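> Sharing a structure here in C-alpha coordinates format.
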Amino acid sequence: MKFFFLWAFLNLPVAFAFNPDSKNHITPPYLVYLKSDYLPCTGVLIHPLWVITAAHCNLPKLRLMFGVTNPSDVNEKNVQVVASEKMIHHPQFSITSIDYDLMLIKLKRKIDFNDHVKMIHLPFRPAPVNSMCTVSTWAYNLCDITKEPDSLQSVNITVIPQNECQNGYKTHSIKDNMFCIGIVPGRRLPCKEVSAAPAVCDGILYGILSYADGCVLRADVGIYASIFYYKKWIDNTIKNN
(Lines give C-alpha, C1' and ligand atoms only; values in the text may rest on other atoms or scores of the structure.)
Protein backbone atom coordinates (compact mmCIF):
# COMPACT_ATOMS: atom_id res chain seq x y z
CA MET A 1 0.00 0.00 0.00
CA LYS A 2 2.83 2.40 0.86
CA PHE A 3 4.40 1.65 -2.52
CA PHE A 4 1.16 2.49 -4.31
CA PHE A 5 0.79 5.90 -2.67
CA LEU A 6 4.44 6.68 -3.30
CA TRP A 7 4.03 5.70 -6.96
CA ALA A 8 0.91 7.87 -7.28
CA PHE A 9 2.62 10.83 -5.64
CA LEU A 10 5.60 10.57 -7.96
CA ASN A 11 3.29 10.56 -10.96
CA LEU A 12 1.23 13.55 -9.88
CA PRO A 13 3.46 16.22 -11.49
CA VAL A 14 1.93 15.18 -14.81
CA ALA A 15 -1.52 15.93 -13.45
CA PHE A 16 -0.53 19.08 -11.60
CA ALA A 17 1.33 20.58 -14.55
CA PHE A 18 -1.43 22.79 -15.95
CA ASN A 19 1.06 24.41 -18.26
CA PRO A 20 -0.47 26.04 -21.35
CA ASP A 21 2.92 25.90 -23.08
CA SER A 22 3.44 22.18 -22.47
CA LYS A 23 4.91 20.31 -25.45
CA ASN A 24 5.24 16.93 -23.75
CA HIS A 25 1.71 15.56 -24.12
CA ILE A 26 0.88 13.81 -27.36
CA THR A 27 -2.81 13.33 -28.01
CA PRO A 28 -3.79 9.65 -27.80
CA PRO A 29 -4.94 8.85 -31.35
CA TYR A 30 -8.35 7.65 -30.13
CA LEU A 31 -9.13 10.90 -28.29
CA VAL A 32 -11.71 13.29 -29.80
CA TYR A 33 -12.39 16.89 -28.84
CA LEU A 34 -16.12 17.60 -28.95
CA LYS A 35 -16.46 21.31 -29.61
CA SER A 36 -19.78 23.10 -29.27
CA ASP A 37 -21.26 26.57 -28.77
CA TYR A 38 -21.78 25.68 -25.11
CA LEU A 39 -19.14 23.53 -23.39
CA PRO A 40 -16.73 20.97 -24.84
CA CYS A 41 -16.49 17.29 -23.99
CA THR A 42 -14.09 14.46 -24.62
CA GLY A 43 -14.97 11.56 -26.90
CA VAL A 44 -13.35 8.32 -28.07
CA LEU A 45 -13.21 6.90 -31.59
CA ILE A 46 -14.45 3.29 -31.58
CA HIS A 47 -15.47 2.86 -35.25
CA PRO A 48 -14.76 4.67 -38.55
CA LEU A 49 -18.17 6.35 -38.20
CA TRP A 50 -18.78 6.35 -34.44
CA VAL A 51 -17.53 8.16 -31.34
CA ILE A 52 -18.55 7.35 -27.77
CA THR A 53 -18.86 9.88 -24.96
CA ALA A 54 -21.03 10.61 -21.91
CA ALA A 55 -24.76 11.16 -22.40
CA HIS A 56 -24.52 14.39 -20.44
CA CYS A 57 -22.50 15.72 -23.41
CA ASN A 58 -25.59 16.22 -25.59
CA LEU A 59 -24.17 19.47 -26.97
CA PRO A 60 -25.59 21.97 -29.49
CA LYS A 61 -23.90 22.59 -32.85
CA LEU A 62 -21.35 19.86 -32.23
CA ARG A 63 -18.11 19.57 -34.23
CA LEU A 64 -15.76 16.66 -33.65
CA MET A 65 -12.03 17.38 -33.80
CA PHE A 66 -9.61 14.50 -34.32
CA GLY A 67 -5.85 14.61 -33.79
CA VAL A 68 -5.97 17.87 -31.85
CA THR A 69 -3.63 18.57 -28.94
CA ASN A 70 -4.35 22.25 -28.26
CA PRO A 71 -7.96 23.21 -29.15
CA SER A 72 -7.14 26.89 -28.67
CA ASP A 73 -4.56 26.77 -31.48
CA VAL A 74 -6.45 27.33 -34.74
CA ASN A 75 -3.29 26.69 -36.75
CA GLU A 76 -2.53 23.23 -35.36
CA LYS A 77 -1.69 20.67 -38.05
CA ASN A 78 -2.97 17.09 -38.45
CA VAL A 79 -6.47 18.04 -37.24
CA GLN A 80 -9.60 16.65 -38.86
CA VAL A 81 -12.97 18.27 -38.18
CA VAL A 82 -16.14 16.29 -38.86
CA ALA A 83 -19.78 17.14 -38.19
CA SER A 84 -22.17 14.77 -36.45
CA GLU A 85 -25.05 13.06 -38.25
CA LYS A 86 -26.87 11.93 -35.13
CA MET A 87 -26.42 11.56 -31.38
CA ILE A 88 -27.93 8.56 -29.60
CA HIS A 89 -27.87 8.49 -25.81
CA HIS A 90 -28.62 5.36 -23.84
CA PRO A 91 -32.42 5.00 -23.62
CA GLN A 92 -32.33 4.70 -19.82
CA PHE A 93 -30.25 7.81 -19.26
CA SER A 94 -31.75 10.61 -17.16
CA ILE A 95 -30.22 14.01 -16.49
CA THR A 96 -31.04 13.53 -12.80
CA SER A 97 -28.76 10.49 -12.47
CA ILE A 98 -25.22 9.42 -13.31
CA ASP A 99 -26.48 5.98 -14.36
CA TYR A 100 -26.49 4.93 -18.05
CA ASP A 101 -24.39 7.98 -18.85
CA LEU A 102 -23.25 7.00 -22.35
CA MET A 103 -23.92 8.40 -25.81
CA LEU A 104 -22.90 7.37 -29.32
CA ILE A 105 -22.25 9.97 -32.02
CA LYS A 106 -22.43 9.03 -35.69
CA LEU A 107 -20.16 11.01 -38.00
CA LYS A 108 -21.32 12.47 -41.30
CA ARG A 109 -18.39 10.78 -43.01
CA LYS A 110 -15.82 8.13 -42.21
CA ILE A 111 -12.73 9.43 -40.52
CA ASP A 112 -9.34 9.20 -42.24
CA PHE A 113 -6.98 7.04 -40.18
CA ASN A 114 -3.32 8.00 -39.77
CA ASP A 115 -0.67 8.21 -37.05
CA HIS A 116 -2.76 10.84 -35.25
CA VAL A 117 -6.21 9.26 -35.56
CA LYS A 118 -6.93 5.63 -34.68
CA MET A 119 -9.73 3.58 -33.16
CA ILE A 120 -9.53 1.92 -29.78
CA HIS A 121 -10.72 -1.56 -28.80
CA LEU A 122 -13.60 -2.24 -26.41
CA PRO A 123 -13.33 -4.61 -23.43
CA PHE A 124 -14.41 -8.23 -23.09
CA ARG A 125 -14.55 -8.06 -19.27
CA PRO A 126 -15.01 -5.44 -16.54
CA ALA A 127 -11.97 -3.46 -15.47
CA PRO A 128 -10.09 -5.53 -12.86
CA VAL A 129 -9.45 -3.91 -9.49
CA ASN A 130 -5.92 -2.48 -9.23
CA SER A 131 -5.60 -2.25 -13.03
CA MET A 132 -3.43 0.68 -14.07
CA CYS A 133 -5.37 3.04 -16.35
CA THR A 134 -4.59 6.24 -18.21
CA VAL A 135 -7.17 9.00 -17.89
CA SER A 136 -6.79 11.77 -20.48
CA THR A 137 -8.59 15.02 -21.19
CA TRP A 138 -7.93 18.70 -21.75
CA ALA A 139 -7.38 21.27 -19.01
CA TYR A 140 -7.95 25.00 -18.92
CA ASN A 141 -5.54 27.72 -17.99
CA LEU A 142 -7.12 28.73 -14.69
CA CYS A 143 -6.06 32.32 -15.30
CA ASP A 144 -8.41 32.50 -18.30
CA ILE A 145 -11.17 29.88 -18.64
CA THR A 146 -13.07 31.97 -21.21
CA LYS A 147 -10.96 30.47 -23.99
CA GLU A 148 -10.74 26.90 -25.26
CA PRO A 149 -8.74 24.50 -23.07
CA ASP A 150 -5.09 24.66 -24.03
CA SER A 151 -3.38 21.78 -22.25
CA LEU A 152 -3.79 18.07 -22.89
CA GLN A 153 -3.22 16.15 -19.67
CA SER A 154 -2.96 12.47 -18.71
CA VAL A 155 -2.61 10.73 -15.37
CA ASN A 156 -1.95 7.06 -14.60
CA ILE A 157 -4.09 5.79 -11.72
CA THR A 158 -5.64 2.49 -10.65
CA VAL A 159 -9.11 0.97 -10.45
CA ILE A 160 -10.29 0.85 -6.83
CA PRO A 161 -12.71 -1.60 -5.15
CA GLN A 162 -16.40 -0.79 -5.36
CA ASN A 163 -16.79 -0.54 -1.58
CA GLU A 164 -13.98 2.00 -1.32
CA CYS A 165 -15.59 4.13 -3.99
CA GLN A 166 -18.96 3.86 -2.27
CA ASN A 167 -17.40 5.07 0.97
CA GLY A 168 -16.13 8.13 -0.87
CA TYR A 169 -19.43 8.85 -2.63
CA LYS A 170 -22.10 8.07 -0.07
CA THR A 171 -24.79 10.07 -1.91
CA HIS A 172 -24.41 7.94 -5.06
CA SER A 173 -25.14 4.28 -5.61
CA ILE A 174 -22.08 2.66 -7.20
CA LYS A 175 -23.59 -0.11 -9.34
CA ASP A 176 -22.08 -2.97 -11.30
CA ASN A 177 -22.27 -0.94 -14.51
CA MET A 178 -19.91 1.60 -12.97
CA PHE A 179 -16.39 1.52 -11.61
CA CYS A 180 -14.07 4.01 -9.95
CA ILE A 181 -10.51 5.13 -10.54
CA GLY A 182 -8.38 7.36 -8.33
CA ILE A 183 -6.78 7.64 -4.94
CA VAL A 184 -9.04 7.06 -1.94
CA PRO A 185 -10.25 9.15 -0.19
CA GLY A 186 -9.39 11.73 -2.86
CA ARG A 187 -8.28 15.28 -2.34
CA ARG A 188 -11.31 17.02 -3.90
CA LEU A 189 -9.10 19.71 -5.40
CA PRO A 190 -10.83 22.20 -7.70
CA CYS A 191 -9.79 22.53 -11.31
CA LYS A 192 -11.30 23.08 -14.74
CA GLU A 193 -11.10 20.12 -17.09
CA VAL A 194 -13.08 18.92 -20.08
CA SER A 195 -15.85 16.49 -19.14
CA ALA A 196 -16.23 12.79 -20.06
CA ALA A 197 -12.58 11.75 -19.82
CA PRO A 198 -11.95 8.16 -20.95
CA ALA A 199 -10.18 5.51 -18.88
CA VAL A 200 -7.90 3.31 -21.00
CA CYS A 201 -6.27 0.31 -19.38
CA ASP A 202 -3.72 -1.78 -21.29
CA GLY A 203 -4.84 -0.22 -24.57
CA ILE A 204 -8.54 -1.00 -23.99
CA LEU A 205 -11.34 1.54 -23.41
CA TYR A 206 -12.90 0.47 -20.12
CA GLY A 207 -14.74 3.59 -19.02
CA ILE A 208 -16.09 7.08 -19.68
CA LEU A 209 -16.17 9.52 -16.77
CA SER A 210 -19.68 10.22 -15.49
CA TYR A 211 -18.97 12.14 -12.30
CA ALA A 212 -16.13 13.37 -10.11
CA ASP A 213 -16.12 15.54 -7.02
CA GLY A 214 -12.76 17.10 -7.66
CA CYS A 215 -10.22 16.79 -10.44
CA VAL A 216 -9.52 13.43 -12.10
CA LEU A 217 -6.32 14.82 -13.63
CA ARG A 218 -5.07 15.24 -10.06
CA ALA A 219 -6.05 11.64 -9.28
CA ASP A 220 -9.26 12.44 -7.37
CA VAL A 221 -11.67 9.53 -7.51
CA GLY A 222 -14.00 9.54 -10.52
CA ILE A 223 -17.05 7.38 -11.27
CA TYR A 224 -16.94 5.87 -14.76
CA ALA A 225 -19.55 4.16 -16.92
CA SER A 226 -18.23 0.64 -17.46
CA ILE A 227 -18.05 0.08 -21.22
CA PHE A 228 -18.18 -3.71 -20.80
CA TYR A 229 -21.73 -3.60 -19.46
CA TYR A 230 -22.90 -1.58 -22.46
CA LYS A 231 -21.27 -3.64 -25.22
CA LYS A 232 -24.57 -5.10 -26.45
CA TRP A 233 -26.19 -1.66 -26.64
CA ILE A 234 -23.14 -0.23 -28.43
CA ASP A 235 -23.02 -3.07 -30.97
CA ASN A 236 -26.77 -2.97 -31.65
CA THR A 237 -26.85 0.81 -31.99
CA ILE A 238 -24.05 0.82 -34.55
CA LYS A 239 -25.58 -2.11 -36.45
CA ASN A 240 -29.05 -0.54 -36.62
CA ASN A 241 -27.96 2.98 -37.55
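Each chain of the C-alpha coordinates is named A, B, ... in the order shown, its residues numbered from 1; ligands are numbered from 1 in display order.
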Identify, on the basis of only C-alpha atoms, every residue whose closest approach to Pro149 in chain A does not exceed 8 Å; exclude the query and any residue fewer than 2 positions from it along the same chain; express the result as number ranges by chain.

A: 70-72, 138-141, 145, 147, 151, 193-194

> Mind listing the alpha helix (DSSP H) residues of range 123-217 of chain A, per DSSP on the backbone, as a list in words?

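Everything in range 123-217 of chain A that counts as alpha helix (DSSP H) is Gln162, Asn163, Glu164, Cys165, Gln166, Asn167 and Gly168 of chain A.
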
> Please provide as a list of chain:residue names all residues within 7 Å of Pro126 in chain A, with the sequence filter that same-chain residues fewer than 2 positions apart are discarded (counting only C-alpha atoms).

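Returned residues: A:Pro128, A:Ser226, A:Phe228.
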
> Can you pull out every residue within 12 Å of Cys41 in chain A, counting only C-alpha atoms, but drop anything in the same chain fewer than 4 positions away, and send it as number ranges by chain?

A: 31-37, 51-60, 62-65, 71, 103, 136-139, 148-149, 193-198, 208-210

> Output as a list in words all residues of range 25-75 of chain A that backbone DSSP marks as strand (DSSP E or B).

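Assigned to strand (DSSP E or B), within range 25-75 of chain A: Leu31, Val32, Tyr33, Leu34, Lys35, Cys41, Thr42, Gly43, Val44, Leu45, Ile46, His47, Trp50, Val51, Ile52, Thr53, Arg63, Leu64, Met65 and Phe66 of chain A.
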
> In Å, rounded to a single decimal, give me how far CA of Thr171 in chain A is from CA of Ser97 in chain A.

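Between CA of Ser97 in chain A and CA of Thr171 in chain A the gap is 11.3 Å.
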
> Point out the residue among A:Asp220, A:Asp73, A:Asp112, A:Asp101 with the least atom-to-atom distance to Ile88 in chain A, counting only C-alpha atoms.

A:Asp101

> With distances taken over only C-alpha atoms, which of A:Thr27, A:Thr42, A:Asn241, A:Ser94 is nearest to Asn78 in chain A?

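So, comparing all the options, the nearest one is A:Thr27.
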
> Determine, counting only C-alpha atoms, which protein, DNA and RNA residues have an atom within 12 Å of an atom of range 172-174 of chain A; residues of the same chain fewer than 5 positions away are not included. Present the result as a PDB file with all heavy atoms, in the first residue's frame.


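The resulting file, out_31.pdb, is shown below:
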```
ATOM      1  N   THR A  96     -31.036  13.463 -14.267  1.00  0.00           N
ATOM      2  CA  THR A  96     -31.044  13.530 -12.803  1.00  0.00           C
ATOM      3  C   THR A  96     -30.194  12.431 -12.173  1.00  0.00           C
ATOM      4  O   THR A  96     -30.144  12.315 -10.952  1.00  0.00           O
ATOM      5  CB  THR A  96     -32.479  13.419 -12.270  1.00  0.00           C
ATOM      6  OG1 THR A  96     -33.040  12.162 -12.665  1.00  0.00           O
ATOM      7  CG2 THR A  96     -33.343  14.554 -12.805  1.00  0.00           C
ATOM      8  N   SER A  97     -29.526  11.614 -12.984  1.00  0.00           N
ATOM      9  CA  SER A  97     -28.759  10.486 -12.467  1.00  0.00           C
ATOM     10  C   SER A  97     -27.446  10.353 -13.238  1.00  0.00           C
ATOM     11  O   SER A  97     -27.322  10.818 -14.372  1.00  0.00           O
ATOM     12  CB  SER A  97     -29.582   9.193 -12.609  1.00  0.00           C
ATOM     13  OG  SER A  97     -28.793   8.054 -12.327  1.00  0.00           O
ATOM     14  N   ILE A  98     -26.469   9.703 -12.612  1.00  0.00           N
ATOM     15  CA  ILE A  98     -25.216   9.415 -13.305  1.00  0.00           C
ATOM     16  C   ILE A  98     -25.250   8.030 -13.939  1.00  0.00           C
ATOM     17  O   ILE A  98     -24.287   7.611 -14.568  1.00  0.00           O
ATOM     18  CB  ILE A  98     -24.009   9.528 -12.357  1.00  0.00           C
ATOM     19  CG1 ILE A  98     -24.081   8.466 -11.245  1.00  0.00           C
ATOM     20  CG2 ILE A  98     -23.903  10.925 -11.769  1.00  0.00           C
ATOM     21  CD1 ILE A  98     -22.811   8.374 -10.416  1.00  0.00           C
ATOM     22  N   ASP A  99     -26.355   7.326 -13.800  1.00  0.00           N
ATOM     23  CA  ASP A  99     -26.480   5.979 -14.358  1.00  0.00           C
ATOM     24  C   ASP A  99     -26.744   6.042 -15.866  1.00  0.00           C
ATOM     25  O   ASP A  99     -27.353   6.996 -16.363  1.00  0.00           O
ATOM     26  CB  ASP A  99     -27.620   5.237 -13.665  1.00  0.00           C
ATOM     27  CG  ASP A  99     -27.402   3.735 -13.641  1.00  0.00           C
ATOM     28  OD1 ASP A  99     -26.380   3.269 -14.169  1.00  0.00           O
ATOM     29  OD2 ASP A  99     -28.254   3.026 -13.080  1.00  0.00           O
ATOM     30  N   TYR A 100     -26.293   5.037 -16.601  1.00  0.00           N
ATOM     31  CA  TYR A 100     -26.495   4.928 -18.050  1.00  0.00           C
ATOM     32  C   TYR A 100     -25.971   6.161 -18.792  1.00  0.00           C
ATOM     33  O   TYR A 100     -26.525   6.570 -19.817  1.00  0.00           O
ATOM     34  CB  TYR A 100     -27.981   4.710 -18.371  1.00  0.00           C
ATOM     35  CG  TYR A 100     -28.580   3.505 -17.699  1.00  0.00           C
ATOM     36  CD1 TYR A 100     -29.399   3.639 -16.580  1.00  0.00           C
ATOM     37  CD2 TYR A 100     -28.314   2.226 -18.175  1.00  0.00           C
ATOM     38  CE1 TYR A 100     -29.944   2.532 -15.955  1.00  0.00           C
ATOM     39  CE2 TYR A 100     -28.857   1.109 -17.556  1.00  0.00           C
ATOM     40  CZ  TYR A 100     -29.672   1.266 -16.446  1.00  0.00           C
ATOM     41  OH  TYR A 100     -30.200   0.158 -15.837  1.00  0.00           O
ATOM     42  N   ILE A 160     -10.161   1.130  -8.256  1.00  0.00           N
ATOM     43  CA  ILE A 160     -10.287   0.848  -6.831  1.00  0.00           C
ATOM     44  C   ILE A 160     -11.511  -0.037  -6.587  1.00  0.00           C
ATOM     45  O   ILE A 160     -12.420  -0.103  -7.416  1.00  0.00           O
ATOM     46  CB  ILE A 160     -10.392   2.138  -6.002  1.00  0.00           C
ATOM     47  CG1 ILE A 160     -11.666   2.924  -6.361  1.00  0.00           C
ATOM     48  CG2 ILE A 160      -9.155   3.007  -6.204  1.00  0.00           C
ATOM     49  CD1 ILE A 160     -11.919   4.126  -5.457  1.00  0.00           C
ATOM     50  N   PRO A 161     -11.554  -0.749  -5.455  1.00  0.00           N
ATOM     51  CA  PRO A 161     -12.708  -1.602  -5.153  1.00  0.00           C
ATOM     52  C   PRO A 161     -13.997  -0.798  -5.048  1.00  0.00           C
ATOM     53  O   PRO A 161     -13.998   0.369  -4.651  1.00  0.00           O
ATOM     54  CB  PRO A 161     -12.342  -2.231  -3.797  1.00  0.00           C
ATOM     55  CG  PRO A 161     -10.849  -2.143  -3.736  1.00  0.00           C
ATOM     56  CD  PRO A 161     -10.485  -0.874  -4.447  1.00  0.00           C
ATOM     57  N   GLN A 162     -15.099  -1.455  -5.370  1.00  0.00           N
ATOM     58  CA  GLN A 162     -16.403  -0.791  -5.360  1.00  0.00           C
ATOM     59  C   GLN A 162     -16.747  -0.240  -3.980  1.00  0.00           C
ATOM     60  O   GLN A 162     -17.294   0.861  -3.860  1.00  0.00           O
ATOM     61  CB  GLN A 162     -17.472  -1.770  -5.831  1.00  0.00           C
ATOM     62  CG  GLN A 162     -18.845  -1.157  -6.043  1.00  0.00           C
ATOM     63  CD  GLN A 162     -19.864  -2.182  -6.515  1.00  0.00           C
ATOM     64  OE1 GLN A 162     -19.979  -3.273  -5.945  1.00  0.00           O
ATOM     65  NE2 GLN A 162     -20.594  -1.862  -7.565  1.00  0.00           N
ATOM     66  N   ASN A 163     -16.431  -0.993  -2.925  1.00  0.00           N
ATOM     67  CA  ASN A 163     -16.788  -0.539  -1.578  1.00  0.00           C
ATOM     68  C   ASN A 163     -16.008   0.703  -1.174  1.00  0.00           C
ATOM     69  O   ASN A 163     -16.519   1.570  -0.475  1.00  0.00           O
ATOM     70  CB  ASN A 163     -16.584  -1.670  -0.561  1.00  0.00           C
ATOM     71  CG  ASN A 163     -15.134  -2.069  -0.420  1.00  0.00           C
ATOM     72  OD1 ASN A 163     -14.421  -2.219  -1.412  1.00  0.00           O
ATOM     73  ND2 ASN A 163     -14.680  -2.254   0.809  1.00  0.00           N
ATOM     74  N   GLU A 164     -14.766   0.812  -1.632  1.00  0.00           N
ATOM     75  CA  GLU A 164     -13.976   2.003  -1.316  1.00  0.00           C
ATOM     76  C   GLU A 164     -14.551   3.225  -2.025  1.00  0.00           C
ATOM     77  O   GLU A 164     -14.605   4.326  -1.465  1.00  0.00           O
ATOM     78  CB  GLU A 164     -12.516   1.796  -1.706  1.00  0.00           C
ATOM     79  CG  GLU A 164     -11.782   0.791  -0.841  1.00  0.00           C
ATOM     80  CD  GLU A 164     -10.297   0.743  -1.154  1.00  0.00           C
ATOM     81  OE1 GLU A 164      -9.784   1.713  -1.757  1.00  0.00           O
ATOM     82  OE2 GLU A 164      -9.655  -0.256  -0.794  1.00  0.00           O
ATOM     83  N   CYS A 165     -14.973   3.032  -3.255  1.00  0.00           N
ATOM     84  CA  CYS A 165     -15.590   4.135  -3.994  1.00  0.00           C
ATOM     85  C   CYS A 165     -16.900   4.544  -3.338  1.00  0.00           C
ATOM     86  O   CYS A 165     -17.191   5.739  -3.191  1.00  0.00           O
ATOM     87  CB  CYS A 165     -15.823   3.719  -5.437  1.00  0.00           C
ATOM     88  SG  CYS A 165     -16.452   5.052  -6.475  1.00  0.00           S
ATOM     89  N   GLN A 166     -17.686   3.561  -2.921  1.00  0.00           N
ATOM     90  CA  GLN A 166     -18.958   3.865  -2.273  1.00  0.00           C
ATOM     91  C   GLN A 166     -18.753   4.650  -0.980  1.00  0.00           C
ATOM     92  O   GLN A 166     -19.531   5.554  -0.661  1.00  0.00           O
ATOM     93  CB  GLN A 166     -19.722   2.574  -1.977  1.00  0.00           C
ATOM     94  CG  GLN A 166     -21.145   2.786  -1.491  1.00  0.00           C
ATOM     95  CD  GLN A 166     -22.027   3.430  -2.548  1.00  0.00           C
ATOM     96  OE1 GLN A 166     -22.471   2.781  -3.480  1.00  0.00           O
ATOM     97  NE2 GLN A 166     -22.285   4.733  -2.408  1.00  0.00           N
ATOM     98  N   ASN A 167     -17.702   4.330  -0.258  1.00  0.00           N
ATOM     99  CA  ASN A 167     -17.403   5.071   0.969  1.00  0.00           C
ATOM    100  C   ASN A 167     -17.057   6.532   0.678  1.00  0.00           C
ATOM    101  O   ASN A 167     -17.311   7.415   1.494  1.00  0.00           O
ATOM    102  CB  ASN A 167     -16.239   4.412   1.718  1.00  0.00           C
ATOM    103  CG  ASN A 167     -16.639   3.099   2.351  1.00  0.00           C
ATOM    104  OD1 ASN A 167     -17.814   2.864   2.620  1.00  0.00           O
ATOM    105  ND2 ASN A 167     -15.666   2.227   2.583  1.00  0.00           N
ATOM    106  N   PHE A 179     -17.584   1.822 -12.401  1.00  0.00           N
ATOM    107  CA  PHE A 179     -16.390   1.517 -11.611  1.00  0.00           C
ATOM    108  C   PHE A 179     -15.666   2.819 -11.321  1.00  0.00           C
ATOM    109  O   PHE A 179     -15.992   3.862 -11.903  1.00  0.00           O
ATOM    110  CB  PHE A 179     -15.477   0.503 -12.313  1.00  0.00           C
ATOM    111  CG  PHE A 179     -14.765   1.021 -13.534  1.00  0.00           C
ATOM    112  CD1 PHE A 179     -13.438   1.425 -13.476  1.00  0.00           C
ATOM    113  CD2 PHE A 179     -15.410   1.096 -14.764  1.00  0.00           C
ATOM    114  CE1 PHE A 179     -12.778   1.890 -14.598  1.00  0.00           C
ATOM    115  CE2 PHE A 179     -14.766   1.554 -15.900  1.00  0.00           C
ATOM    116  CZ  PHE A 179     -13.441   1.954 -15.809  1.00  0.00           C
ATOM    117  N   CYS A 180     -14.712   2.781 -10.410  1.00  0.00           N
ATOM    118  CA  CYS A 180     -14.067   4.006  -9.954  1.00  0.00           C
ATOM    119  C   CYS A 180     -12.548   3.900 -10.078  1.00  0.00           C
ATOM    120  O   CYS A 180     -11.958   2.839  -9.864  1.00  0.00           O
ATOM    121  CB  CYS A 180     -14.449   4.302  -8.510  1.00  0.00           C
ATOM    122  SG  CYS A 180     -16.223   4.566  -8.285  1.00  0.00           S
ATOM    123  N   SER A 210     -18.334   9.700 -15.707  1.00  0.00           N
ATOM    124  CA  SER A 210     -19.679  10.223 -15.492  1.00  0.00           C
ATOM    125  C   SER A 210     -19.703  11.334 -14.453  1.00  0.00           C
ATOM    126  O   SER A 210     -20.428  12.315 -14.596  1.00  0.00           O
ATOM    127  CB  SER A 210     -20.615   9.099 -15.036  1.00  0.00           C
ATOM    128  OG  SER A 210     -20.785   8.128 -16.035  1.00  0.00           O
ATOM    129  N   TYR A 211     -18.898  11.170 -13.391  1.00  0.00           N
ATOM    130  CA  TYR A 211     -18.969  12.136 -12.300  1.00  0.00           C
ATOM    131  C   TYR A 211     -17.677  12.098 -11.487  1.00  0.00           C
ATOM    132  O   TYR A 211     -17.084  11.035 -11.279  1.00  0.00           O
ATOM    133  CB  TYR A 211     -20.144  11.806 -11.378  1.00  0.00           C
ATOM    134  CG  TYR A 211     -20.291  12.763 -10.221  1.00  0.00           C
ATOM    135  CD1 TYR A 211     -20.887  14.006 -10.390  1.00  0.00           C
ATOM    136  CD2 TYR A 211     -19.809  12.432  -8.955  1.00  0.00           C
ATOM    137  CE1 TYR A 211     -21.012  14.894  -9.331  1.00  0.00           C
ATOM    138  CE2 TYR A 211     -19.928  13.310  -7.886  1.00  0.00           C
ATOM    139  CZ  TYR A 211     -20.533  14.544  -8.075  1.00  0.00           C
ATOM    140  OH  TYR A 211     -20.647  15.419  -7.030  1.00  0.00           O
ATOM    141  N   ALA A 212     -17.263  13.273 -11.028  1.00  0.00           N
ATOM    142  CA  ALA A 212     -16.126  13.369 -10.106  1.00  0.00           C
ATOM    143  C   ALA A 212     -16.302  14.595  -9.239  1.00  0.00           C
ATOM    144  O   ALA A 212     -16.643  15.680  -9.739  1.00  0.00           O
ATOM    145  CB  ALA A 212     -14.808  13.448 -10.865  1.00  0.00           C
ATOM    146  N   ASP A 213     -16.110  14.429  -7.953  1.00  0.00           N
ATOM    147  CA  ASP A 213     -16.124  15.542  -7.020  1.00  0.00           C
ATOM    148  C   ASP A 213     -14.675  15.945  -6.797  1.00  0.00           C
ATOM    149  O   ASP A 213     -14.018  15.519  -5.854  1.00  0.00           O
ATOM    150  CB  ASP A 213     -16.795  15.134  -5.708  1.00  0.00           C
ATOM    151  CG  ASP A 213     -16.867  16.286  -4.723  1.00  0.00           C
ATOM    152  OD1 ASP A 213     -16.586  17.427  -5.130  1.00  0.00           O
ATOM    153  OD2 ASP A 213     -17.195  16.047  -3.549  1.00  0.00           O
ATOM    154  N   GLY A 222     -12.914   9.295  -9.592  1.00  0.00           N
ATOM    155  CA  GLY A 222     -13.996   9.539 -10.522  1.00  0.00           C
ATOM    156  C   GLY A 222     -14.844   8.285 -10.689  1.00  0.00           C
ATOM    157  O   GLY A 222     -14.360   7.165 -10.519  1.00  0.00           O
ATOM    158  N   ILE A 223     -16.126   8.487 -11.008  1.00  0.00           N
ATOM    159  CA  ILE A 223     -17.046   7.385 -11.269  1.00  0.00           C
ATOM    160  C   ILE A 223     -17.219   7.273 -12.784  1.00  0.00           C
ATOM    161  O   ILE A 223     -17.587   8.251 -13.446  1.00  0.00           O
ATOM    162  CB  ILE A 223     -18.411   7.630 -10.604  1.00  0.00           C
ATOM    163  CG1 ILE A 223     -18.239   7.856  -9.098  1.00  0.00           C
ATOM    164  CG2 ILE A 223     -19.351   6.456 -10.868  1.00  0.00           C
ATOM    165  CD1 ILE A 223     -19.516   8.292  -8.396  1.00  0.00           C
ATOM    166  N   TYR A 224     -16.949   6.090 -13.311  1.00  0.00           N
ATOM    167  CA  TYR A 224     -16.944   5.873 -14.758  1.00  0.00           C
ATOM    168  C   TYR A 224     -18.034   4.889 -15.166  1.00  0.00           C
ATOM    169  O   TYR A 224     -18.293   3.903 -14.464  1.00  0.00           O
ATOM    170  CB  TYR A 224     -15.582   5.315 -15.201  1.00  0.00           C
ATOM    171  CG  TYR A 224     -14.446   6.284 -15.024  1.00  0.00           C
ATOM    172  CD1 TYR A 224     -13.928   6.560 -13.757  1.00  0.00           C
ATOM    173  CD2 TYR A 224     -13.881   6.933 -16.116  1.00  0.00           C
ATOM    174  CE1 TYR A 224     -12.887   7.460 -13.591  1.00  0.00           C
ATOM    175  CE2 TYR A 224     -12.840   7.839 -15.957  1.00  0.00           C
ATOM    176  CZ  TYR A 224     -12.348   8.093 -14.693  1.00  0.00           C
ATOM    177  OH  TYR A 224     -11.317   8.990 -14.522  1.00  0.00           O
ATOM    178  N   ALA A 225     -18.667   5.155 -16.309  1.00  0.00           N
ATOM    179  CA  ALA A 225     -19.546   4.163 -16.916  1.00  0.00           C
ATOM    180  C   ALA A 225     -18.687   3.025 -17.436  1.00  0.00           C
ATOM    181  O   ALA A 225     -17.710   3.254 -18.162  1.00  0.00           O
ATOM    182  CB  ALA A 225     -20.345   4.794 -18.056  1.00  0.00           C
ATOM    183  N   SER A 226     -19.015   1.802 -17.063  1.00  0.00           N
ATOM    184  CA  SER A 226     -18.229   0.641 -17.458  1.00  0.00           C
ATOM    185  C   SER A 226     -18.640   0.195 -18.858  1.00  0.00           C
ATOM    186  O   SER A 226     -19.744  -0.307 -19.065  1.00  0.00           O
ATOM    187  CB  SER A 226     -18.448  -0.503 -16.462  1.00  0.00           C
ATOM    188  OG  SER A 226     -17.740  -1.650 -16.864  1.00  0.00           O
TER     189      SER A 226
END
```

> For the atom pair CA of Ile157 in chain A and CA of Met178 in chain A, what is the interatomic distance in Å to one decimal place?

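A separation of 16.4 Å between them.
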
> Glu85 in chain A: which residues within 9 Å, counting only C-alpha atoms, same-chain residues fewer than 3 positions away excluded, as a list in words?

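Counting only the stated atoms, we get Ile105, Lys106, Leu107, Lys108 and Arg109 of chain A.
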
> Closest to Gln153 in chain A among A:Asn236, A:Pro91, A:Ile183, A:Val135, using only C-alpha atoms?

A:Val135

> For Pro28 in chain A, which of A:Val117, A:Cys215, A:Val82, A:Ile181 is the closest residue, counting only C-alpha atoms?

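Of the candidates, the smallest distance to Pro28 in chain A is held by A:Val117.
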